[in-house]
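S.K.: Provided herewith: my_file33.pdb, PDB, C-alpha atoms.
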ATOM      1  CA  MET A 559      16.458  -1.178   5.490
ATOM      2  CA  SER A 560      17.998  -0.338   8.821
ATOM      3  CA  GLU A 561      15.725   0.363  11.781
ATOM      4  CA  HIS A 562      18.522   1.688  14.015
ATOM      5  CA  GLN A 563      17.914   5.033  15.695
ATOM      6  CA  PRO A 564      20.956   6.897  17.043
ATOM      7  CA  ALA A 565      20.871   7.558  20.777
ATOM      8  CA  ASN A 566      21.732  11.235  20.247
ATOM      9  CA  PRO A 567      20.627  12.029  16.693
ATOM     10  CA  PRO A 568      22.186  15.058  14.987
ATOM     11  CA  GLU A 569      20.244  18.234  14.350
ATOM     12  CA  GLY A 570      18.638  18.801  10.967
ATOM     13  CA  TRP A 571      17.478  16.421   8.273
ATOM     14  CA  ARG A 572      19.072  13.020   7.745
ATOM     15  CA  PRO A 573      18.233   9.869   5.728
ATOM     16  CA  ASP A 574      15.152   7.980   6.859
ATOM     17  CA  VAL A 575      14.588   4.234   7.161
ATOM     18  CA  LEU A 576      12.165   4.355   4.190
ATOM     19  CA  GLY A 577      15.062   4.959   1.825
ATOM     20  CA  ALA A 578      15.530   7.187  -1.204
ATOM     21  CA  GLY A 579      13.536  10.400  -1.158
ATOM     22  CA  PHE A 580      12.689  10.204   2.549
ATOM     23  CA  GLU A 581      14.374  12.201   5.303
ATOM     24  CA  GLN A 582      13.665  12.564   9.010
ATOM     25  CA  ARG A 583      14.309  15.194  11.647
ATOM     26  CA  THR A 584      14.133  14.882  15.433
ATOM     27  CA  LEU A 585      11.944  17.430  17.249
ATOM     28  CA  PRO A 586      13.042  17.858  20.897
ATOM     29  CA  LEU A 587      10.117  18.211  23.315
ATOM     30  CA  GLY A 588      11.896  18.366  26.676
ATOM     31  CA  THR A 589      11.762  15.628  29.293
ATOM     32  CA  ASP A 590       9.235  13.844  31.474
ATOM     33  CA  ASP A 591       9.548  11.253  34.246
ATOM     34  CA  GLU A 592      10.685   8.674  31.653
ATOM     35  CA  GLY A 593      13.476  10.857  30.253
ATOM     36  CA  GLU A 594      14.005  12.575  26.900
ATOM     37  CA  VAL A 595      10.859  13.240  24.882
ATOM     38  CA  VAL A 596      10.999  13.771  21.128
ATOM     39  CA  ALA A 597       8.777  13.643  18.081
ATOM     40  CA  THR A 598      10.064  12.864  14.583
ATOM     41  CA  ILE A 599       9.007  14.494  11.336
ATOM     42  CA  VAL A 600       9.526  12.671   8.039
ATOM     43  CA  ARG A 601       9.454  14.416   4.675
ATOM     44  CA  TYR A 602       9.302  13.066   1.148
ATOM     45  CA  SER A 603      11.318  14.848  -1.533
ATOM     46  CA  PRO A 604      10.818  13.131  -4.891
ATOM     47  CA  GLY A 605      13.175  15.479  -6.715
ATOM     48  CA  PHE A 606      12.602  17.308  -9.971
ATOM     49  CA  ARG A 607      10.101  15.732 -12.338
ATOM     50  CA  TRP A 608       9.172  16.731 -15.858
ATOM     51  CA  PRO A 609       6.775  17.776 -17.221
ATOM     52  CA  LEU A 610       5.528  20.035 -14.459
ATOM     53  CA  ARG A 611       1.767  19.949 -14.039
ATOM     54  CA  ARG A 612      -0.776  21.325 -11.633
ATOM     55  CA  GLY A 613      -2.207  18.479  -9.549
ATOM     56  CA  ALA A 614      -5.292  18.375  -7.351
ATOM     57  CA  ALA A 615      -3.178  19.258  -4.287
ATOM     58  CA  SER A 616      -0.843  21.846  -5.825
ATOM     59  CA  GLY A 617       0.147  24.496  -3.315
ATOM     60  CA  VAL A 618      -0.724  22.242  -0.376
ATOM     61  CA  ASP A 619       1.435  20.991   2.495
ATOM     62  CA  VAL A 620       0.220  17.708   4.035
ATOM     63  CA  LEU A 621       0.946  16.574   7.591
ATOM     64  CA  TYR A 622       0.090  12.935   8.341
ATOM     65  CA  VAL A 623      -0.405  11.596  11.882
ATOM     66  CA  HIS A 624      -0.602   7.840  12.542
ATOM     67  CA  GLY A 625      -2.889   5.907  14.865
ATOM     68  CA  TRP A 626      -2.463   3.917  18.066
ATOM     69  CA  SER A 627       0.358   1.360  18.191
ATOM     70  CA  ASP A 628       1.612   2.583  14.833
ATOM     71  CA  TYR A 629       4.088   4.800  12.973
ATOM     72  CA  PHE A 630       4.548   6.119   9.424
ATOM     73  CA  PHE A 631       5.789   3.422   7.047
ATOM     74  CA  ASN A 632       3.727   3.877   3.856
ATOM     75  CA  PRO A 633       5.826   5.333   1.002
ATOM     76  CA  GLU A 634       2.957   4.926  -1.466
ATOM     77  CA  LEU A 635       0.864   7.408   0.528
ATOM     78  CA  ALA A 636       3.652   9.981   0.304
ATOM     79  CA  ARG A 637       4.007   9.422  -3.429
ATOM     80  CA  TYR A 638       0.276   9.890  -4.003
ATOM     81  CA  TRP A 639       0.377  13.330  -2.413
ATOM     82  CA  ALA A 640       3.585  14.281  -4.209
ATOM     83  CA  ASP A 641       2.064  13.234  -7.548
ATOM     84  CA  ALA A 642      -0.962  15.394  -6.678
ATOM     85  CA  GLY A 643       1.365  18.380  -6.276
ATOM     86  CA  ALA A 644       1.615  18.536  -2.473
ATOM     87  CA  ARG A 645       4.607  18.605  -0.147
ATOM     88  CA  PHE A 646       4.218  15.588   2.143
ATOM     89  CA  PHE A 647       5.286  15.308   5.785
ATOM     90  CA  ALA A 648       4.518  12.644   8.391
ATOM     91  CA  LEU A 649       4.831  12.822  12.165
ATOM     92  CA  ASP A 650       5.802   9.999  14.516
ATOM     93  CA  LEU A 651       4.377  11.272  17.792
ATOM     94  CA  ARG A 652       6.284  11.042  21.070
ATOM     95  CA  LYS A 653       6.906   7.477  22.252
ATOM     96  CA  TYR A 654       5.928   5.983  18.885
ATOM     97  CA  GLY A 655       8.060   4.547  16.095
ATOM     98  CA  ARG A 656      11.102   6.669  15.345
ATOM     99  CA  SER A 657      10.403   8.720  18.489
ATOM    100  CA  LEU A 658      10.290   5.817  20.964
ATOM    101  CA  ARG A 659      13.242   5.784  23.360
ATOM    102  CA  PRO A 660      14.420   2.944  25.666
ATOM    103  CA  GLY A 661      12.539   2.808  28.946
ATOM    104  CA  GLN A 662       9.501   4.737  27.695
ATOM    105  CA  THR A 663       5.917   3.493  27.908
ATOM    106  CA  PRO A 664       4.913   3.211  24.227
ATOM    107  CA  GLY A 665       2.198   5.635  23.155
ATOM    108  CA  PHE A 666       1.399   6.775  26.689
ATOM    109  CA  VAL A 667      -0.199  10.148  27.347
ATOM    110  CA  THR A 668      -3.099  11.059  29.627
ATOM    111  CA  ASP A 669      -4.526  13.881  27.484
ATOM    112  CA  LEU A 670      -4.560  14.095  23.695
ATOM    113  CA  ALA A 671      -3.859  17.835  23.998
ATOM    114  CA  THR A 672      -0.333  16.781  25.030
ATOM    115  CA  TYR A 673       0.290  16.252  21.332
ATOM    116  CA  ASP A 674      -0.230  19.960  20.674
ATOM    117  CA  ASP A 675       3.506  20.364  21.303
ATOM    118  CA  ASP A 676       4.379  17.594  18.827
ATOM    119  CA  ILE A 677       2.109  19.039  16.158
ATOM    120  CA  GLU A 678       3.321  22.593  16.745
ATOM    121  CA  ALA A 679       6.954  21.512  16.443
ATOM    122  CA  ALA A 680       6.216  19.763  13.149
ATOM    123  CA  LEU A 681       4.249  22.700  11.743
ATOM    124  CA  THR A 682       7.068  25.078  12.645
ATOM    125  CA  VAL A 683       9.540  22.984  10.628
ATOM    126  CA  MET A 684       7.051  22.910   7.744
ATOM    127  CA  GLY A 685       6.670  26.707   7.780
ATOM    128  CA  HIS A 686       3.177  26.606   9.277
ATOM    129  CA  GLY A 687       4.038  27.701  12.807
ATOM    130  CA  ARG A 688       2.065  30.456  14.462
ATOM    131  CA  GLY A 689       2.624  33.626  12.465
ATOM    132  CA  ASP A 690       4.214  31.845   9.492
ATOM    133  CA  ALA A 691       2.789  32.556   6.057
ATOM    134  CA  ALA A 692       4.316  29.359   4.593
ATOM    135  CA  SER A 693       4.736  31.193   1.262
ATOM    136  CA  GLY A 694       0.981  31.215   0.834
ATOM    137  CA  ARG A 695       0.674  27.407   0.909
ATOM    138  CA  SER A 696      -2.378  25.684   2.389
ATOM    139  CA  LEU A 697      -2.155  23.154   5.231
ATOM    140  CA  LEU A 698      -4.006  19.859   4.968
ATOM    141  CA  LEU A 699      -4.065  17.532   7.973
ATOM    142  CA  LEU A 700      -4.272  13.784   7.338
ATOM    143  CA  GLY A 701      -4.958  11.508  10.314
ATOM    144  CA  HIS A 702      -5.556   7.795  10.813
ATOM    145  CA  SER A 703      -7.602   6.321  13.687
ATOM    146  CA  THR A 704      -6.394   7.907  16.959
ATOM    147  CA  GLY A 705      -4.431  10.360  14.830
ATOM    148  CA  GLY A 706      -7.699  11.416  13.213
ATOM    149  CA  LEU A 707      -9.226  12.048  16.635
ATOM    150  CA  THR A 708      -6.139  13.959  17.760
ATOM    151  CA  LEU A 709      -6.078  16.184  14.678
ATOM    152  CA  SER A 710      -9.825  16.856  14.865
ATOM    153  CA  LEU A 711      -9.548  18.055  18.465
ATOM    154  CA  TRP A 712      -6.425  20.104  17.638
ATOM    155  CA  SER A 713      -8.171  21.754  14.681
ATOM    156  CA  ALA A 714     -11.165  22.704  16.827
ATOM    157  CA  ARG A 715      -8.764  24.441  19.245
ATOM    158  CA  ASN A 716      -6.823  26.059  16.392
ATOM    159  CA  GLN A 717      -9.449  27.092  13.886
ATOM    160  CA  GLY A 718      -8.178  28.712  10.725
ATOM    161  CA  ARG A 719      -4.754  27.102  10.663
ATOM    162  CA  ALA A 720      -5.677  24.023   8.618
ATOM    163  CA  ALA A 721      -7.452  24.532   5.300
ATOM    164  CA  ALA A 722      -8.778  20.965   5.159
ATOM    165  CA  LEU A 723      -8.796  17.604   6.983
ATOM    166  CA  VAL A 724      -8.718  14.119   5.481
ATOM    167  CA  LEU A 725      -9.479  11.449   8.081
ATOM    168  CA  ASN A 726      -8.701   7.783   7.494
ATOM    169  CA  SER A 727     -11.021   5.716   9.725
ATOM    170  CA  PRO A 728     -10.799   8.230  12.591
ATOM    171  CA  TRP A 729     -11.430   6.839  16.079
ATOM    172  CA  LEU A 730     -14.186   9.318  16.930
ATOM    173  CA  GLU A 731     -16.233   7.055  19.212
ATOM    174  CA  PHE A 732     -15.666   4.094  21.497
ATOM    175  CA  GLN A 733     -16.546   0.704  20.035
ATOM    176  CA  LEU A 734     -19.378   0.230  22.523
ATOM    177  CA  SER A 735     -20.990   3.523  21.385
ATOM    178  CA  SER A 736     -21.764   6.497  23.591
ATOM    179  CA  THR A 737     -23.837   4.370  25.993
ATOM    180  CA  GLY A 738     -20.978   1.959  26.556
ATOM    181  CA  ARG A 739     -18.517   4.839  26.868
ATOM    182  CA  ALA A 740     -20.645   6.552  29.516
ATOM    183  CA  ALA A 741     -20.869   3.322  31.511
ATOM    184  CA  LEU A 742     -17.178   2.542  31.171
ATOM    185  CA  ALA A 743     -15.733   6.001  31.813
ATOM    186  CA  PRO A 744     -16.228   6.022  35.634
ATOM    187  CA  VAL A 745     -14.628   2.580  35.955
ATOM    188  CA  ILE A 746     -11.658   3.535  33.801
ATOM    189  CA  GLY A 747     -11.369   6.848  35.616
ATOM    190  CA  TRP A 748     -11.145   5.039  38.942
ATOM    191  CA  GLY A 749      -8.434   2.757  37.544
ATOM    192  CA  ALA A 750      -6.545   5.783  36.249
ATOM    193  CA  ARG A 751      -6.490   7.287  39.750
ATOM    194  CA  VAL A 752      -5.554   4.075  41.550
ATOM    195  CA  ASN A 753      -3.039   2.642  39.066
ATOM    196  CA  PRO A 754      -2.666   4.886  35.993
ATOM    197  CA  LEU A 755      -0.057   2.646  34.345
ATOM    198  CA  GLY A 756      -1.691  -0.649  35.232
ATOM    199  CA  PRO A 757      -1.837  -2.965  32.205
ATOM    200  CA  MET A 758      -5.335  -3.513  30.813
ATOM    201  CA  PRO A 759      -6.467  -6.806  29.244
ATOM    202  CA  ASN A 760      -5.283  -7.147  25.657
ATOM    203  CA  VAL A 761      -8.238  -7.551  23.294
ATOM    204  CA  ASP A 762      -6.070  -7.506  20.149
ATOM    205  CA  LEU A 763      -5.887 -11.104  18.910
ATOM    206  CA  GLY A 764      -3.468 -10.277  16.095
ATOM    207  CA  PHE A 765      -6.105 -10.423  13.369
ATOM    208  CA  TYR A 766      -5.400  -6.899  12.124
ATOM    209  CA  THR A 767      -1.706  -7.704  11.688
ATOM    210  CA  ARG A 768      -2.760 -10.784   9.725
ATOM    211  CA  THR A 769      -4.577  -8.539   7.233
ATOM    212  CA  VAL A 770      -1.662  -6.127   6.822
ATOM    213  CA  ALA A 771       1.714  -7.865   7.283
ATOM    214  CA  LYS A 772       3.211  -9.269   4.082
ATOM    215  CA  GLU A 773       4.355 -12.479   5.727
ATOM    216  CA  GLN A 774       0.774 -13.167   6.854
ATOM    217  CA  GLY A 775      -1.030 -12.471   3.591
ATOM    218  CA  GLY A 776      -1.074  -8.668   3.599
ATOM    219  CA  GLU A 777       0.977  -6.367   1.373
ATOM    220  CA  TRP A 778       3.223  -4.452   3.795
ATOM    221  CA  GLU A 779       6.643  -4.742   5.386
ATOM    222  CA  TYR A 780       7.366  -2.734   8.524
ATOM    223  CA  ASN A 781       9.144  -2.785  11.893
ATOM    224  CA  HIS A 782       7.205  -5.113  14.209
ATOM    225  CA  ASP A 783       8.917  -3.617  17.257
ATOM    226  CA  TRP A 784       7.408  -0.241  16.384
ATOM    227  CA  ARG A 785       4.079  -1.777  15.332
ATOM    228  CA  PRO A 786       3.602  -4.890  17.510
ATOM    229  CA  ASP A 787       1.489  -7.756  16.191
ATOM    230  CA  ARG A 788      -0.937  -7.473  19.119
ATOM    231  CA  GLY A 789      -0.551  -3.778  19.761
ATOM    232  CA  PHE A 790       0.916  -1.795  22.635
ATOM    233  CA  THR A 791      -0.207  -2.474  26.190
ATOM    234  CA  THR A 792      -3.032  -0.089  27.093
ATOM    235  CA  HIS A 793      -3.347   1.689  30.441
ATOM    236  CA  PRO A 794      -6.311   3.240  32.313
ATOM    237  CA  ALA A 795      -4.895   6.778  32.311
ATOM    238  CA  TRP A 796      -4.354   6.621  28.542
ATOM    239  CA  LEU A 797      -7.877   5.310  27.886
ATOM    240  CA  THR A 798      -9.327   8.051  30.075
ATOM    241  CA  GLY A 799      -7.782  10.606  27.731
ATOM    242  CA  ILE A 800      -9.232   8.814  24.698
ATOM    243  CA  LEU A 801     -12.718   8.669  26.199
ATOM    244  CA  ALA A 802     -12.547  12.380  27.012
ATOM    245  CA  GLY A 803     -11.786  13.048  23.348
ATOM    246  CA  HIS A 804     -14.735  10.924  22.261
ATOM    247  CA  ALA A 805     -17.022  12.840  24.604
ATOM    248  CA  LYS A 806     -15.933  16.161  23.087
ATOM    249  CA  VAL A 807     -16.704  14.945  19.577
ATOM    250  CA  ALA A 808     -20.076  13.545  20.695
ATOM    251  CA  ALA A 809     -20.961  16.981  22.076
ATOM    252  CA  ARG A 810     -20.049  18.484  18.658
ATOM    253  CA  ILE A 811     -16.950  20.446  17.744
ATOM    254  CA  ASP A 812     -16.087  22.623  14.772
ATOM    255  CA  VAL A 813     -12.735  21.903  13.161
ATOM    256  CA  GLY A 814     -13.048  25.085  11.121
ATOM    257  CA  ALA A 815     -12.336  23.441   7.763
ATOM    258  CA  PRO A 816     -13.893  21.020   5.232
ATOM    259  CA  VAL A 817     -13.523  17.362   6.198
ATOM    260  CA  LEU A 818     -13.315  14.194   4.136
ATOM    261  CA  THR A 819     -13.607  10.943   6.077
ATOM    262  CA  LEU A 820     -12.640   7.660   4.425
ATOM    263  CA  LEU A 821     -14.211   4.500   5.861
ATOM    264  CA  SER A 822     -14.646   0.877   4.920
ATOM    265  CA  ALA A 823     -18.064  -0.117   3.638
ATOM    266  CA  ARG A 824     -18.455  -2.566   6.530
ATOM    267  CA  SER A 825     -17.116  -3.783   9.861
ATOM    268  CA  THR A 826     -16.292  -7.361  10.878
ATOM    269  CA  LEU A 827     -15.901  -7.571  14.645
ATOM    270  CA  LEU A 828     -15.521 -11.202  15.692
ATOM    271  CA  PRO A 829     -13.567 -13.123  18.390
ATOM    272  CA  ARG A 830     -12.331 -15.602  15.760
ATOM    273  CA  TRP A 831     -10.576 -15.274  12.428
ATOM    274  CA  ASP A 832     -12.719 -14.852   9.331
ATOM    275  CA  GLU A 833     -11.473 -14.199   5.777
ATOM    276  CA  ALA A 834     -13.961 -11.306   5.576
ATOM    277  CA  MET A 835     -11.528  -9.468   7.833
ATOM    278  CA  ARG A 836      -9.245  -8.952   4.835
ATOM    279  CA  SER A 837     -11.821  -6.629   3.250
ATOM    280  CA  SER A 838     -13.458  -4.811   6.176
ATOM    281  CA  ASP A 839     -12.719  -2.738   9.273
ATOM    282  CA  ILE A 840     -12.075  -5.080  12.208
ATOM    283  CA  VAL A 841     -11.300  -2.289  14.679
ATOM    284  CA  LEU A 842     -14.178   0.212  14.556
ATOM    285  CA  VAL A 843     -17.916   0.182  13.934
ATOM    286  CA  VAL A 844     -17.824   2.173  10.718
ATOM    287  CA  ASP A 845     -21.504   3.191  10.775
ATOM    288  CA  GLU A 846     -21.000   4.859  14.160
ATOM    289  CA  ILE A 847     -17.868   6.642  12.928
ATOM    290  CA  ALA A 848     -19.750   7.910   9.863
ATOM    291  CA  GLU A 849     -22.358   9.442  12.173
ATOM    292  CA  ARG A 850     -19.750  10.971  14.472
ATOM    293  CA  THR A 851     -18.002  12.544  11.483
ATOM    294  CA  LEU A 852     -21.064  14.752  11.022
ATOM    295  CA  ARG A 853     -20.291  16.322  14.396
ATOM    296  CA  LEU A 854     -16.958  17.770  13.276
ATOM    297  CA  GLY A 855     -18.367  20.816  11.500
ATOM    298  CA  PRO A 856     -20.741  22.069   8.807
ATOM    299  CA  GLN A 857     -18.732  20.896   5.760
ATOM    300  CA  VAL A 858     -18.244  17.147   5.975
ATOM    301  CA  ALA A 859     -18.039  14.436   3.323
ATOM    302  CA  VAL A 860     -17.888  10.666   3.903
ATOM    303  CA  ALA A 861     -16.478   8.186   1.379
ATOM    304  CA  ARG A 862     -17.277   4.514   2.030
ATOM    305  CA  ILE A 863     -14.657   2.369   0.283
ATOM    306  CA  ASP A 864     -15.754  -1.179  -0.485
ATOM    307  CA  GLY A 865     -13.189  -3.756   0.632
ATOM    308  CA  ALA A 866     -11.184  -1.334   2.777
ATOM    309  CA  LEU A 867      -9.327  -2.278   5.950
ATOM    310  CA  HIS A 868      -9.271  -0.149   9.102
ATOM    311  CA  ASP A 869      -6.315   1.704   7.609
ATOM    312  CA  VAL A 870      -7.787   2.325   4.186
ATOM    313  CA  PHE A 871      -4.326   2.980   2.711
ATOM    314  CA  LEU A 872      -3.132  -0.503   3.718
ATOM    315  CA  SER A 873      -5.936  -2.282   1.857
ATOM    316  CA  ARG A 874      -5.449  -4.253  -1.355
ATOM    317  CA  GLU A 875      -4.151  -2.210  -4.297
ATOM    318  CA  PRO A 876      -7.502  -1.799  -6.134
ATOM    319  CA  VAL A 877      -9.114  -0.590  -2.913
ATOM    320  CA  ARG A 878      -6.303   1.896  -2.301
ATOM    321  CA  ALA A 879      -6.720   3.191  -5.844
ATOM    322  CA  ALA A 880     -10.415   3.811  -5.175
ATOM    323  CA  ALA A 881      -9.547   5.668  -1.964
ATOM    324  CA  TYR A 882      -6.984   7.877  -3.710
ATOM    325  CA  ALA A 883      -9.509   8.618  -6.465
ATOM    326  CA  SER A 884     -12.032   9.697  -3.823
ATOM    327  CA  ILE A 885      -9.516  12.092  -2.297
ATOM    328  CA  THR A 886      -8.661  13.558  -5.701
ATOM    329  CA  ARG A 887     -12.337  14.208  -6.521
ATOM    330  CA  TRP A 888     -12.863  15.841  -3.126
ATOM    331  CA  LEU A 889      -9.756  18.006  -3.446
ATOM    332  CA  ARG A 890     -10.949  19.317  -6.794
ATOM    333  CA  GLY A 891     -14.446  20.037  -5.551
ATOM    334  CA  TYR A 892     -14.210  21.084  -1.922
ATOM    335  CA  ALA A 893     -10.742  21.689  -0.557
ATOM    336  CA  PRO A 894     -10.020  25.440  -0.358
ATOM    337  CA  ARG A 895      -6.855  26.936  -1.842
ATOM    338  CA  ARG A 896      -4.856  29.968  -0.887
TER     339      ARG A 896
END
Output the file's structure in the form of structure tokens.

M.R.:
Amino acid sequence: MSEHQPANPPEGWRPDVLGAGFEQRTLPLGTDDEGEVVATIVRYSPGFRWPLRRGAASGVDVLYVHGWSDYFFNPELARYWADAGARFFALDLRKYGRSLRPGQTPGFVTDLATYDDDIEAALTVMGHGRGDAASGRSLLLLGHSTGGLTLSLWSARNQGRAAALVLNSPWLEFQLSSTGRAALAPVIGWGARVNPLGPMPNVDLGFYTRTVAKEQGGEWEYNHDWRPDRGFTTHPAWLTGILAGHAKVAARIDVGAPVLTLLSARSTLLPRWDEAMRSSDIVLVVDEIAERTLRLGPQVAVARIDGALHDVFLSREPVRAAAYASITRWLRGYAPRR
């Protein structure tokens, strides 16, 4: 599949790099000091299927937001939601994946609220903009890692717009816990003031890519320019924004909707490769994230998936099947419908 992005893409929907059934649309967001800023929404249209049946997500529109150093490349995830009866959309945020333009600092923002414009632009295209009735359809937000943090904070500021949240290993707390975050925040804040775009030491040793990429023993093919093997370079001003988001969650927020959080059953955080990394979260401390999930509101469920990776939907096929089954059970029991 071609990864080429036109310099001046046409308005409206056009074929996406994922192939048949997938289309993308550029969402202009103005300019900043690095030039044109856009987000990109991807939709999956499987076409007419017979027989028609009412799935667990019938009447639902899903918006997926990826994590750090990532983009949407998982067609199976889209097909799961379509088979469940939903309309599926995914968003490549500004300066990520399909939205990354030459000369831009990948993934860089200083405040996660910056993405409000990206999310609002996507929701408007979906028919869920402010004031839109969306033909009575419910909105479900689906976020992975940093995307899960971003959507949680957005939902707390926009209560009532999303009917439900499904969070895939959301990055709700810093890996060194709240104590480490409190100690680190002043140092990072100083760096953000002195040299906001200064490169920070890279702690990604490429182990996560080894668990995911098909050529390294994983099950997935994707664009390694858009999802680098050792991640994007991080910067103090960006990390300051992340830590501020963690602090808000630690102080408790209310996303205004039922939440399902999917997590691996265990973490494996080591400075050397271990085969256990192929069946555990090697990015976050999952027990801490499970606790932080309880601070998102009064209706929260946590599903611990044995053998899952940090991105649960990139795990081995039997593990993914267990994750999808957990979502289906939750949708039938807890997710509200209009």

S.K.: Nearest residue to A:Arg656 out of A:Arg637, A:Arg612, A:His686, A:Arg785, using only C-alpha atoms?

M.R.: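 Nearest to A:Arg656: A:Arg785.
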
S.K.: Which value, in Å to one decimal, gives the distance between atom CA of A:Tyr629 and atom CA of A:Leu698?

M.R.: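 About the pair atom CA of A:Tyr629 and atom CA of A:Leu698: they are 18.9 Å apart.
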
S.K.: Check which residues satisfy the PyMOL selection byres ((chain A and resi 790-794) around 7) in the file shown, then give them as a list in words.

M.R.: Ser627, Pro664, Ile746, Gly749, Ala750, Pro754, Leu755, Gly756, Pro757, Met758, Asn760, Pro786, Arg788, Gly789, Ala795, Trp796, Leu797 and Thr798 of chain A

S.K.: Residues of the last selection are to be written out with C-alpha atoms, as a short mmCIF file (atom, residue, chain, number, x, y, z; two decimals), in the frame of the given file.

M.R.:
data_model
loop_
_atom_site.label_atom_id
_atom_site.label_comp_id
_atom_site.auth_asym_id
_atom_site.auth_seq_id
_atom_site.Cartn_x
_atom_site.Cartn_y
_atom_site.Cartn_z
CA SER A 627 0.36 1.36 18.19
CA PRO A 664 4.91 3.21 24.23
CA ILE A 746 -11.66 3.54 33.80
CA GLY A 749 -8.43 2.76 37.54
CA ALA A 750 -6.54 5.78 36.25
CA PRO A 754 -2.67 4.89 35.99
CA LEU A 755 -0.06 2.65 34.34
CA GLY A 756 -1.69 -0.65 35.23
CA PRO A 757 -1.84 -2.96 32.20
CA MET A 758 -5.34 -3.51 30.81
CA ASN A 760 -5.28 -7.15 25.66
CA PRO A 786 3.60 -4.89 17.51
CA ARG A 788 -0.94 -7.47 19.12
CA GLY A 789 -0.55 -3.78 19.76
CA ALA A 795 -4.89 6.78 32.31
CA TRP A 796 -4.35 6.62 28.54
CA LEU A 797 -7.88 5.31 27.89
CA THR A 798 -9.33 8.05 30.08
#

S.K.: Which residues are near stretch 578-583 of chain A? Cut-off 12 Å, only C-alpha atoms, ignore same chain within fewer than 6 positions. Put them as JSON, numbers by chain.

M.R.: {"A": [559, 563, 564, 567, 568, 569, 570, 571, 572, 596, 597, 598, 599, 600, 601, 602, 603, 604, 605, 606, 630, 631, 632, 633, 634, 636, 637, 640, 645, 646, 647, 648, 649, 650, 656, 657, 679, 680, 683, 684]}

S.K.: So that I can see what lies close to A:Glu592, please list as a list in words the residues with an atom at most 12 Å from it, counting all atoms listed in the file and leaving out residues fewer than 6 positions away in the same chain.

M.R.: Arg652, Lys653, Leu658, Arg659, Pro660, Gly661, Gln662, Thr663, Pro664, Phe666 and Val667 of chain A

S.K.: Output C-alpha atoms for every residue in the selection just made, as a compact mmCIF listing (two decimals), in the frame of the given file.

M.R.:
# COMPACT_ATOMS: atom_id res chain seq x y z
CA ARG A 652 6.28 11.04 21.07
CA LYS A 653 6.91 7.48 22.25
CA LEU A 658 10.29 5.82 20.96
CA ARG A 659 13.24 5.78 23.36
CA PRO A 660 14.42 2.94 25.67
CA GLY A 661 12.54 2.81 28.95
CA GLN A 662 9.50 4.74 27.70
CA THR A 663 5.92 3.49 27.91
CA PRO A 664 4.91 3.21 24.23
CA PHE A 666 1.40 6.78 26.69
CA VAL A 667 -0.20 10.15 27.35

S.K.: Ranking A:Asp832, A:Glu773, A:Asp812, A:Asp839 by minimum distance to A:Gly718 and counting all atoms listed in the file, which one comes first?

M.R.: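 The answer is A:Asp812, which sits nearest to A:Gly718.
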